[in-house]
Amino acid sequence: MGTSQVQETRVLADEQAALRRVATLVARGTQQEDVFTAVIEEVGRLFPIDLASLCRYESDGSLTWLASWGRAVDLFPAGTRRMLGGNNLGTIVFETGHSARIDSYAESSSGPIGVDAKAAGINSSLATPIMVEGRLWGVIAAGSLEHRPLPPDAETRLANFTELVATAIANSESRAGLAQLAQEQAALRRVATLVAYGVPPEVMFSAVTGEVGKLLSVEYAGLSRFEPDGAVTVVAGSGTRGDRAPVGRRWRLGGTNVSTLVFETGHSARIDGSGDASPSEEISSGVGTPVVVDGRLWGVMEAYSSMDAPLPADTEARLASFTDLLATAIANAESRAALTRLAEEQAALRRVATLVAQGAAPEAVFAAVTEEIGHLLPVDSAAMGRFAPDGTQTYVASWGRAVGWIPVGSQWKTGGRNIGTLVFETGRPVRIDDYADASGMAADIAREQGIRSSVGTPIIVEGRLWGSVGAASSGEAPLPADSEARLASFTDLLATAISNAETRAELAASRTRIVAAGDETRKRIERDLHDGTQQRLVSLVLELGAVQAAMPFELGALERRLGHVSEELTRVFEELRELSHGIHPAILSKGGLVPALRSLGRRSAIPMELESHAEGRLPEPVEVAAYYVVSEALTNAAKHAHASVVHVDLDARGATLRLAVRDDGIGGADSQGSGLLGLSDRIEALGGTLQVTSRAGKGTALLIEIPLDAQGDHP
């Protein structure tokens, strides 16, 4: 065997030994990095070269050095990245997918990689592609500083190593893929369990971002919600850069960044270069996938990494598996929240409706409604106002912070662009989410108070604009889109309460006018009887007495008849005077209620016991009402109750007159009788109440209460 044959045999044996050593590492499942290092060292020893490298092609069009040998350790250490382009081995292999050779870098090399190779003094070099499962994964390159080309069979021999490298990479990726799949499935199961348990949204959001951050090994993973005003709010974050995008951070969409791209397209987005809204200057490679809830774009799930480690190509797909679970969790949470909100709203409406049905005073209803609104909506102020024809709004209720700057009774003139004016001018629900363009006195005060978002709805009473109810928030987020509708559900009840109150007021005024007219008529009749009929009867009695005195003795029979007529006239006069006292007793006008009741008791057919705690005079309408209650009770006790005594308790020491009339009769009185109904109308016209208790065999009791303050000053 010749010398050349021996030498070729030795080279082949060395090469096969090197390949066996690498194949053994691959078969053992050695880590990729160790296989890469071993391959480059074997190549360096087998070939007449000065440097060797193993590199990976990246998705952004760059080349990353994973292992180096010889001079390349200093020139291209592991982790070095260069962009492809120009005339150099890395670019040629990438563009052709085949082996390539450059025998003179000094003459023809270009591009970032070629410039570095030329500066390093590399003269002759070659490279072969690493194909992993049909795709171009990377390249193995070898170079010499000598001015002679590398052996013609170098590419073929080098290709033997790339096949082993490809097998190692495929095995490693397969194992990594299985491990990754197992980790991903475990993470998804943990998240799915939380979804099934219905944990609060904030717990779910934090858990998902934490799982994504660990699974993708990124510097930051975050979840953000798109707002109706074109902003985005961070609701959860995880990673070393979370301090740059804390929960609650809010900013306007726009520019070139993952959030804006997802919002504008509704699809996943990726930025592998520098964006203008990443969590940090050092983090500018990121991906985002949309979170779609019930067909609407809710938010975005994002992951960011440094440019030294760009995110894998499958990151968007892996994020999407979490956003599906997120969408389910959010939909479930929103459904539960909607049911809870509906239940709370219905409970609030029932409470207000109960007040309305009970005929509560409008002021109480107004205060209750503003308070309920304040608790139901995410607001810190609520108020209700009534419009005057000239546009002036008088506030009848306020809640929260509004108590300080919109006190009850304050009057604001409409004008400009603000909630009250817009409702007054349009008669429709309105909203202001940005007070920068608002104007008028109300807007100026709202800005001073830090109000950022507000809504208002009209109160329509029987077809006319009566007023408005509004709510405002100083928070950064605008009020929910359904705020106007939720306010409107209360305005219907308000309109009913106002209409009822106005009807009651009109009825009370009508009753008052009727009672006053009746009292005035009684006074006039009493005066007419006293000044007319009674005086004529007195004159007739006196004239008849004079005639009787002048009668001759012999006309004794006629005198006796005249005496009888005189007696009858006197009795008629007394009955008429008694009737006159019943219509409107003079002693009531002159002496007041207590003397009039005592006089009434003295004339009563049955004994009356009076206990009085009243000093001075009471308002005339109150005295008249109380007098007629006692008079009616005495009459009924004498005619129907067969009572032996009537007890009258009068108390007017506070702001309310309380009068109780009780008898010991047979009971069973008809509270709907004309007499008691007339008394009830009179008392209710004064804002009072009349209660009748009359059980069979237990006597009859009348209890009246009349407010004194509402009747004017005591005379």
# chains A, B, ... in the order shown; residues from 1 in each chain; ligands from 1
$ residues_around --residues "Leu126 (chain A)" --least-positions-apart "4" --cutoff "6 Å" --atoms "only C-alpha atoms" --output "list in words"
Ala100, Arg101, Ala141 and Ala142 of chain A
$ residues_around --residues "Ser109 (chain A)" --least-positions-apart "5" --cutoff "7 Å" --atoms "only C-alpha atoms" --output "PyMOL selection string"
chain A and resi 87-88+114-115
$ write_last_selection --atoms "N, CA, C and O atoms" --output "PDB file, in the first residue's frame"
ATOM      1  N   ASN A  87     -22.277  39.316   0.312  1.00  0.00           N
ATOM      2  CA  ASN A  87     -21.636  38.107  -0.209  1.00  0.00           C
ATOM      3  C   ASN A  87     -20.775  37.501   0.889  1.00  0.00           C
ATOM      4  O   ASN A  87     -19.662  37.954   1.164  1.00  0.00           O
ATOM      5  N   ASN A  88     -21.321  36.480   1.552  1.00  0.00           N
ATOM      6  CA  ASN A  88     -20.603  35.767   2.596  1.00  0.00           C
ATOM      7  C   ASN A  88     -21.247  34.399   2.743  1.00  0.00           C
ATOM      8  O   ASN A  88     -22.354  34.156   2.234  1.00  0.00           O
ATOM      9  N   GLY A 114     -19.345  39.229   6.106  1.00  0.00           N
ATOM     10  CA  GLY A 114     -18.159  39.300   5.246  1.00  0.00           C
ATOM     11  C   GLY A 114     -17.157  40.314   5.735  1.00  0.00           C
ATOM     12  O   GLY A 114     -15.936  40.076   5.677  1.00  0.00           O
ATOM     13  N   VAL A 115     -17.624  41.445   6.228  1.00  0.00           N
ATOM     14  CA  VAL A 115     -16.716  42.471   6.742  1.00  0.00           C
ATOM     15  C   VAL A 115     -15.933  41.931   7.926  1.00  0.00           C
ATOM     16  O   VAL A 115     -14.704  42.118   8.036  1.00  0.00           O
TER      17      VAL A 115
END
$ residues_around --residues "Gly463 (chain A)" --least-positions-apart "5" --cutoff "12 Å" --atoms "only C-alpha atoms" --output "PDB file with N, CA and C atoms, in the first residue's frame"
ATOM      1  N   GLY A 427     -83.292  66.802  26.505  1.00  0.00           N
ATOM      2  CA  GLY A 427     -84.291  65.928  27.110  1.00  0.00           C
ATOM      3  C   GLY A 427     -83.918  64.462  26.995  1.00  0.00           C
ATOM      4  N   PRO A 458     -82.707  62.383  31.985  1.00  0.00           N
ATOM      5  CA  PRO A 458     -83.815  63.284  32.316  1.00  0.00           C
ATOM      6  C   PRO A 458     -84.864  62.596  33.181  1.00  0.00           C
ATOM      7  N   ASP A 492     -87.892  56.407  36.091  1.00  0.00           N
ATOM      8  CA  ASP A 492     -89.310  56.044  35.961  1.00  0.00           C
ATOM      9  C   ASP A 492     -89.989  56.051  37.333  1.00  0.00           C
ATOM     10  N   ALA A 495     -90.327  59.618  38.487  1.00  0.00           N
ATOM     11  CA  ALA A 495     -91.451  60.302  37.841  1.00  0.00           C
ATOM     12  C   ALA A 495     -92.759  59.924  38.520  1.00  0.00           C
ATOM     13  N   THR A 496     -92.900  58.629  38.865  1.00  0.00           N
ATOM     14  CA  THR A 496     -94.115  58.192  39.563  1.00  0.00           C
ATOM     15  C   THR A 496     -94.231  58.849  40.933  1.00  0.00           C
ATOM     16  N   SER A 499     -95.089  62.512  40.442  1.00  0.00           N
ATOM     17  CA  SER A 499     -96.474  62.652  40.006  1.00  0.00           C
ATOM     18  C   SER A 499     -97.435  62.392  41.162  1.00  0.00           C
TER      19      SER A 499
END
$ closest_residue --among "A:Asp390, A:Glu632, A:Ile704, A:Ala637" --to "Arg658 (chain A)" --atoms "only C-alpha atoms"
A:Ile704
$ atom_distance --atom1 "CA of Ser439 (chain A)" --atom2 "CA of Tyr395 (chain A)"
19.3 Å
$ closest_residue --among "A:Ser268, A:Ser631, A:Gln31, A:Ser483" --to "Ala320 (chain A)" --atoms "only C-alpha atoms"
A:Ser268
$ residues_around --residues "Phe366 (chain A)" --least-positions-apart "5" --cutoff "12 Å" --atoms "only C-alpha atoms" --output "VMD selection string"
chain A and resid 352 to 353 355 to 356 360 to 361 371 to 373 382 to 386 395 to 399 408 459 467 to 469 490 to 491 493 to 498 501
$ atom_distance --atom1 "CA of Phe36 (chain A)" --atom2 "CA of Ser68 (chain A)"
8.8 Å
$ select_by_dssp --residues "region 340-453 of chain A" --states "helix (DSSP H, G or I)" --output "ChimeraX atom specification"
/A:340-357,362-376,402-405,419-426,441-448
$ closest_residue --among "A:Asp482, A:Glu684, A:Glu611, A:Glu363" --to "Asp649 (chain A)" --atoms "only C-alpha atoms"
A:Glu611
$ atom_distance --atom1 "CA of Leu487 (chain A)" --atom2 "CA of Tyr435 (chain A)"
20.6 Å
$ select_by_dssp --residues "region 117-331 of chain A" --states "strand (DSSP E)" --output "count of residues only"
60
$ residues_around --residues "Gly299 (chain A)" --least-positions-apart "5" --cutoff "7 Å" --atoms "only C-alpha atoms" --output "PDB file with C-alpha atoms, in the first residue's frame"
ATOM      1  CA  SER A 224     -54.389  44.390  29.362  1.00  0.00           C
ATOM      2  CA  ARG A 225     -58.002  45.455  28.815  1.00  0.00           C
ATOM      3  CA  PHE A 226     -59.118  47.741  25.986  1.00  0.00           C
ATOM      4  CA  PRO A 290     -56.302  39.135  21.246  1.00  0.00           C
ATOM      5  CA  VAL A 291     -58.655  38.145  24.050  1.00  0.00           C
TER       6      VAL A 291
END
$ residues_around --residues "Val208 (chain A)" --least-positions-apart "5" --cutoff "12 Å" --atoms "only C-alpha atoms" --output "ChimeraX atom specification"
/A:184,187-195,201-203,213-215,221-223,235-238,301-303,319-327,329
$ write_last_selection --atoms "N, CA and C atoms" --output "mmCIF file, in the first residue's frame"
data_model
loop_
_atom_site.group_PDB
_atom_site.id
_atom_site.type_symbol
_atom_site.label_atom_id
_atom_site.label_comp_id
_atom_site.auth_asym_id
_atom_site.auth_seq_id
_atom_site.Cartn_x
_atom_site.Cartn_y
_atom_site.Cartn_z
ATOM 1 N N GLU A 184 -46.964 22.847 29.110
ATOM 2 C CA GLU A 184 -48.066 23.699 28.667
ATOM 3 C C GLU A 184 -49.412 23.107 29.072
ATOM 4 N N ALA A 187 -49.909 23.625 32.748
ATOM 5 C CA ALA A 187 -50.278 25.018 33.028
ATOM 6 C C ALA A 187 -51.726 25.284 32.636
ATOM 7 N N LEU A 188 -52.118 24.743 31.484
ATOM 8 C CA LEU A 188 -53.495 24.950 31.032
ATOM 9 C C LEU A 188 -54.483 24.262 31.977
ATOM 10 N N ARG A 189 -54.100 23.084 32.478
ATOM 11 C CA ARG A 189 -54.995 22.406 33.426
ATOM 12 C C ARG A 189 -55.160 23.226 34.700
ATOM 13 N N ARG A 190 -54.053 23.794 35.178
ATOM 14 C CA ARG A 190 -54.151 24.622 36.389
ATOM 15 C C ARG A 190 -55.067 25.829 36.151
ATOM 16 N N VAL A 191 -54.913 26.453 35.004
ATOM 17 C CA VAL A 191 -55.765 27.609 34.686
ATOM 18 C C VAL A 191 -57.212 27.168 34.522
ATOM 19 N N ALA A 192 -57.422 26.039 33.823
ATOM 20 C CA ALA A 192 -58.791 25.545 33.611
ATOM 21 C C ALA A 192 -59.472 25.230 34.942
ATOM 22 N N THR A 193 -58.684 24.723 35.900
ATOM 23 C CA THR A 193 -59.250 24.439 37.226
ATOM 24 C C THR A 193 -59.727 25.722 37.899
ATOM 25 N N LEU A 194 -58.923 26.772 37.770
ATOM 26 C CA LEU A 194 -59.335 28.054 38.340
ATOM 27 C C LEU A 194 -60.603 28.563 37.669
ATOM 28 N N VAL A 195 -60.675 28.388 36.343
ATOM 29 C CA VAL A 195 -61.878 28.816 35.617
ATOM 30 C C VAL A 195 -63.090 28.053 36.138
ATOM 31 N N PRO A 201 -61.859 37.450 38.941
ATOM 32 C CA PRO A 201 -61.072 37.756 37.738
ATOM 33 C C PRO A 201 -59.636 38.144 38.034
ATOM 34 N N GLU A 202 -59.404 38.964 39.079
ATOM 35 C CA GLU A 202 -58.041 39.416 39.340
ATOM 36 C C GLU A 202 -57.125 38.245 39.715
ATOM 37 N N VAL A 203 -57.683 37.241 40.399
ATOM 38 C CA VAL A 203 -56.898 36.047 40.721
ATOM 39 C C VAL A 203 -56.576 35.275 39.444
ATOM 40 N N GLY A 213 -45.537 33.589 31.882
ATOM 41 C CA GLY A 213 -44.178 34.046 32.118
ATOM 42 C C GLY A 213 -43.213 32.895 32.356
ATOM 43 N N LYS A 214 -43.642 31.899 33.155
ATOM 44 C CA LYS A 214 -42.776 30.747 33.430
ATOM 45 C C LYS A 214 -42.662 29.833 32.216
ATOM 46 N N LEU A 215 -43.763 29.641 31.500
ATOM 47 C CA LEU A 215 -43.771 28.717 30.379
ATOM 48 C C LEU A 215 -42.906 29.217 29.226
ATOM 49 N N ALA A 221 -44.725 39.138 31.052
ATOM 50 C CA ALA A 221 -45.989 38.683 30.476
ATOM 51 C C ALA A 221 -47.089 39.509 31.111
ATOM 52 N N GLY A 222 -47.992 40.005 30.309
ATOM 53 C CA GLY A 222 -49.030 40.880 30.844
ATOM 54 C C GLY A 222 -50.357 40.711 30.142
ATOM 55 N N LEU A 223 -51.407 41.104 30.854
ATOM 56 C CA LEU A 223 -52.765 41.097 30.314
ATOM 57 C C LEU A 223 -53.327 42.498 30.447
ATOM 58 N N VAL A 235 -54.166 44.876 33.603
ATOM 59 C CA VAL A 235 -54.940 44.242 34.676
ATOM 60 C C VAL A 235 -54.142 43.145 35.374
ATOM 61 N N ALA A 236 -53.019 42.708 34.765
ATOM 62 C CA ALA A 236 -52.162 41.719 35.424
ATOM 63 C C ALA A 236 -50.809 41.719 34.730
ATOM 64 N N GLY A 237 -49.757 41.397 35.484
ATOM 65 C CA GLY A 237 -48.422 41.347 34.909
ATOM 66 C C GLY A 237 -47.526 40.432 35.715
ATOM 67 N N SER A 238 -46.519 39.872 35.030
ATOM 68 C CA SER A 238 -45.599 38.966 35.698
ATOM 69 C C SER A 238 -44.244 39.068 35.024
ATOM 70 N N MET A 301 -53.243 39.678 25.389
ATOM 71 C CA MET A 301 -52.271 38.955 26.200
ATOM 72 C C MET A 301 -50.922 39.131 25.537
ATOM 73 N N GLU A 302 -49.923 39.599 26.298
ATOM 74 C CA GLU A 302 -48.643 39.949 25.700
ATOM 75 C C GLU A 302 -47.492 39.236 26.410
ATOM 76 N N ALA A 303 -46.403 39.026 25.638
ATOM 77 C CA ALA A 303 -45.165 38.491 26.201
ATOM 78 C C ALA A 303 -44.005 39.233 25.552
ATOM 79 N N LEU A 319 -49.658 31.419 23.197
ATOM 80 C CA LEU A 319 -50.436 32.407 23.948
ATOM 81 C C LEU A 319 -51.928 32.224 23.710
ATOM 82 N N ALA A 320 -52.275 31.907 22.440
ATOM 83 C CA ALA A 320 -53.699 31.792 22.090
ATOM 84 C C ALA A 320 -54.391 30.710 22.901
ATOM 85 N N SER A 321 -53.664 29.629 23.265
ATOM 86 C CA SER A 321 -54.293 28.565 24.055
ATOM 87 C C SER A 321 -54.709 29.079 25.425
ATOM 88 N N PHE A 322 -53.990 30.079 25.931
ATOM 89 C CA PHE A 322 -54.363 30.669 27.220
ATOM 90 C C PHE A 322 -55.479 31.705 27.062
ATOM 91 N N THR A 323 -55.454 32.437 25.960
ATOM 92 C CA THR A 323 -56.486 33.475 25.793
ATOM 93 C C THR A 323 -57.865 32.851 25.645
ATOM 94 N N ASP A 324 -57.943 31.628 25.096
ATOM 95 C CA ASP A 324 -59.250 30.962 25.017
ATOM 96 C C ASP A 324 -59.805 30.702 26.416
ATOM 97 N N LEU A 325 -58.934 30.218 27.313
ATOM 98 C CA LEU A 325 -59.374 30.002 28.690
ATOM 99 C C LEU A 325 -59.702 31.326 29.376
ATOM 100 N N LEU A 326 -58.880 32.325 29.086
ATOM 101 C CA LEU A 326 -59.147 33.643 29.660
ATOM 102 C C LEU A 326 -60.511 34.160 29.230
ATOM 103 N N ALA A 327 -60.809 34.003 27.938
ATOM 104 C CA ALA A 327 -62.095 34.480 27.429
ATOM 105 C C ALA A 327 -63.251 33.787 28.137
ATOM 106 N N ALA A 329 -63.130 32.451 31.173
ATOM 107 C CA ALA A 329 -63.165 32.950 32.555
ATOM 108 C C ALA A 329 -63.805 34.331 32.623
#
$ closest_residue --among "A:Gly687, A:Gly121, A:Gly70, A:Gly210" --to "Thr656 (chain A)" --atoms "only C-alpha atoms"
A:Gly687
$ closest_residue --among "A:Ala488, A:Val645, A:Val212, A:Ala443" --to "Ala472 (chain A)" --atoms "only C-alpha atoms"
A:Ala443
